[in-house]
Amino acid sequence: MNLVLPPWQRPPSWSLDQQVQFIEGIFLGLGTGYYVINGRDYDDQGHDKPMSGWLIDGQQRITAIARFFHGEISIFGGIFFQDLSLGDKRRRFNNLIFPCIEMDYTDDEKVLKELYRRLNFSGTPHTEADLELLNA
């Protein structure tokens with residue numbers, strides 16, 4: 001995967017616990033969600049046009065998966081990717097479907113920033129009361 005982060009994209013920011021929970025969710029069959037890229041387009045010489053293929057959403061999930069595959073994080077209290085049986089590797093990870101939404105190419109950075117904002121800042125965070133209700 002040759003993805004480029006926009007210069008305004010935050011660095012990896014999920015905590016270790018968030019990464020572990022995401023990978024454990026994949027193991028349990030909960031899926032990955034999707035990632036979003038700006039479409040690819042090429043100039044007359046076949047080179048990427050500016051902003052082509054920029055990763056707009058999904059960096060945290062992609063980073064967590066890569067870290068698990070490279071043995072940097074473990075799940076369920078100490079299981080690393082290399083510890084999994086071949087069957088589990090294939091069933092749960094190697095055949096993993098991680099859908100990509102490829103937007104129509106644009107070189108308008110304002111459009112890409114608005115898309116990022118919509119995807120990352122439009123939800124309503126849970127409150128402590130929501131968590132208390134869950135834990136009741």
# chains A, B, ... in the order shown; residues from 1 in each chain; ligands from 1
>>> select_by_dssp(residues="chain A", states="strand (DSSP E)", output="list in words")
Tyr35, Val36, Ile37, Leu55, Ile56, Asp57, Cys100, Ile101 and Glu102 of chain A
>>> write_last_selection(atoms="N, CA and C atoms", output="short mmCIF file (atom, residue, chain, number, x, y, z; two decimals), in the first residue's frame")
data_model
loop_
_atom_site.label_atom_id
_atom_site.label_comp_id
_atom_site.auth_asym_id
_atom_site.auth_seq_id
_atom_site.Cartn_x
_atom_site.Cartn_y
_atom_site.Cartn_z
N TYR A 35 -11.31 2.68 4.70
CA TYR A 35 -10.43 3.84 4.65
C TYR A 35 -10.75 4.62 3.39
N VAL A 36 -10.41 5.89 3.40
CA VAL A 36 -10.78 6.80 2.31
C VAL A 36 -9.52 7.45 1.74
N ILE A 37 -9.40 7.41 0.42
CA ILE A 37 -8.29 8.10 -0.23
C ILE A 37 -8.82 9.04 -1.30
N LEU A 55 -4.20 9.73 1.79
CA LEU A 55 -5.04 9.02 2.75
C LEU A 55 -5.82 10.05 3.56
N ILE A 56 -7.12 10.06 3.39
CA ILE A 56 -7.97 11.04 4.07
C ILE A 56 -8.48 10.49 5.40
N ASP A 57 -8.79 9.21 5.45
CA ASP A 57 -9.29 8.62 6.69
C ASP A 57 -8.86 7.17 6.76
N CYS A 100 -11.76 0.10 0.61
CA CYS A 100 -11.24 1.43 0.32
C CYS A 100 -12.31 2.21 -0.44
N ILE A 101 -12.58 3.40 0.04
CA ILE A 101 -13.43 4.32 -0.72
C ILE A 101 -12.48 5.28 -1.41
N GLU A 102 -12.41 5.19 -2.72
CA GLU A 102 -11.56 6.09 -3.49
C GLU A 102 -12.43 7.19 -4.08
#
>>> select_by_dssp(residues="segment 99-132 of chain A", states="helix (DSSP H, G or I)", output="ChimeraX atom specification")
/A:109-121,128-132
>>> write_last_selection(atoms="C-alpha atoms", output="PDB file, in the first residue's frame")
ATOM      1  CA  GLU A 109      -7.132  20.930  -0.860  1.00  0.00           C
ATOM      2  CA  LYS A 110     -10.135  22.736   0.642  1.00  0.00           C
ATOM      3  CA  VAL A 111     -12.391  19.913  -0.602  1.00  0.00           C
ATOM      4  CA  LEU A 112     -10.099  17.279   0.942  1.00  0.00           C
ATOM      5  CA  LYS A 113      -9.921  19.133   4.257  1.00  0.00           C
ATOM      6  CA  GLU A 114     -13.714  19.393   4.341  1.00  0.00           C
ATOM      7  CA  LEU A 115     -14.005  15.653   3.706  1.00  0.00           C
ATOM      8  CA  TYR A 116     -11.530  14.965   6.530  1.00  0.00           C
ATOM      9  CA  ARG A 117     -13.501  17.259   8.828  1.00  0.00           C
ATOM     10  CA  ARG A 118     -16.784  15.510   7.971  1.00  0.00           C
ATOM     11  CA  LEU A 119     -15.308  12.084   8.616  1.00  0.00           C
ATOM     12  CA  ASN A 120     -13.486  12.938  11.830  1.00  0.00           C
ATOM     13  CA  PHE A 121     -15.272  15.764  13.601  1.00  0.00           C
ATOM     14  CA  GLU A 128     -19.505   9.732  31.187  1.00  0.00           C
ATOM     15  CA  ALA A 129     -23.253   9.169  31.716  1.00  0.00           C
ATOM     16  CA  ASP A 130     -23.315   6.995  28.574  1.00  0.00           C
ATOM     17  CA  LEU A 131     -20.443   4.937  29.957  1.00  0.00           C
ATOM     18  CA  GLU A 132     -22.154   4.603  33.335  1.00  0.00           C
TER      19      GLU A 132
END
>>> residues_around(residues="Gly39 of chain A", least_positions_apart="4", cutoff="12 Å", atoms="only C-alpha atoms", output="list of chain:residue names")
A:Leu3, A:Val4, A:Asp48, A:Lys49, A:Pro50, A:Met51, A:Ser52, A:Gly53, A:Trp54, A:Leu55, A:Ile56, A:Cys100, A:Ile101, A:Glu102, A:Met103, A:Asp104, A:Tyr105, A:Thr106, A:Asp107, A:Leu112
>>> atom_distance(atom1="atom CA of Pro99 of chain A", atom2="atom CA of Gly25 of chain A")
16.1 Å
>>> atom_distance(atom1="atom CA of Thr124 of chain A", atom2="atom CA of Asp17 of chain A")
21.3 Å
>>> closest_residue(among="A:Phe98, A:Tyr42, A:Trp8, A:Phe76", to="Gln21 of chain A", atoms="only C-alpha atoms")
A:Phe76
>>> closest_residue(among="A:Pro11, A:Gly123, A:Arg92, A:Gln45", to="Gly29 of chain A", atoms="only C-alpha atoms")
A:Arg92
>>> atom_distance(atom1="atom CA of Gln60 of chain A", atom2="atom CA of Ser13 of chain A")
7.0 Å
>>> residues_around(residues="Phe80 of chain A", least_positions_apart="5", cutoff="8 Å", atoms="only C-alpha atoms", output="list in words")
Phe68, Gly71, Ile73, Ser74 and Ile75 of chain A
>>> write_last_selection(atoms="N, CA and C atoms", output="PDB file, in the first residue's frame")
ATOM      1  N   PHE A  68       0.634  -4.703  14.323  1.00  0.00           N
ATOM      2  CA  PHE A  68       0.352  -6.085  14.719  1.00  0.00           C
ATOM      3  C   PHE A  68       1.085  -7.056  13.799  1.00  0.00           C
ATOM      4  N   GLY A  71       4.728  -7.453  14.598  1.00  0.00           N
ATOM      5  CA  GLY A  71       5.073  -7.961  15.922  1.00  0.00           C
ATOM      6  C   GLY A  71       5.314  -6.893  16.971  1.00  0.00           C
ATOM      7  N   ILE A  73       2.791  -5.168  18.541  1.00  0.00           N
ATOM      8  CA  ILE A  73       1.736  -5.216  19.555  1.00  0.00           C
ATOM      9  C   ILE A  73       1.159  -6.625  19.604  1.00  0.00           C
ATOM     10  N   SER A  74       0.633  -6.967  20.764  1.00  0.00           N
ATOM     11  CA  SER A  74       0.009  -8.279  20.941  1.00  0.00           C
ATOM     12  C   SER A  74      -1.447  -8.083  21.336  1.00  0.00           C
ATOM     13  N   ILE A  75      -2.221  -9.157  21.188  1.00  0.00           N
ATOM     14  CA  ILE A  75      -3.643  -9.127  21.544  1.00  0.00           C
ATOM     15  C   ILE A  75      -3.920 -10.179  22.615  1.00  0.00           C
TER      16      ILE A  75
END
>>> residues_around(residues="Ile26 of chain A", least_positions_apart="6", cutoff="10 Å", atoms="only C-alpha atoms", output="PyMOL selection string")
chain A and resi 20+32-33+65+92-93+96
>>> write_last_selection(atoms="C-alpha atoms", output="short mmCIF file (atom, residue, chain, number, x, y, z; two decimals), in the first residue's frame")
data_model
loop_
_atom_site.label_atom_id
_atom_site.label_comp_id
_atom_site.auth_asym_id
_atom_site.auth_seq_id
_atom_site.Cartn_x
_atom_site.Cartn_y
_atom_site.Cartn_z
CA VAL A 20 -5.15 -3.63 20.73
CA THR A 32 -12.29 -2.97 9.99
CA GLY A 33 -14.54 -0.22 8.74
CA ILE A 65 -2.80 -3.46 11.59
CA ARG A 92 -8.80 -13.68 10.40
CA PHE A 93 -6.14 -11.49 8.81
CA LEU A 96 -9.22 -9.61 5.66
#
>>> closest_residue(among="A:Asn135, A:Phe81, A:Gln59, A:Ala64", to="Pro6 of chain A", atoms="only C-alpha atoms")
A:Gln59
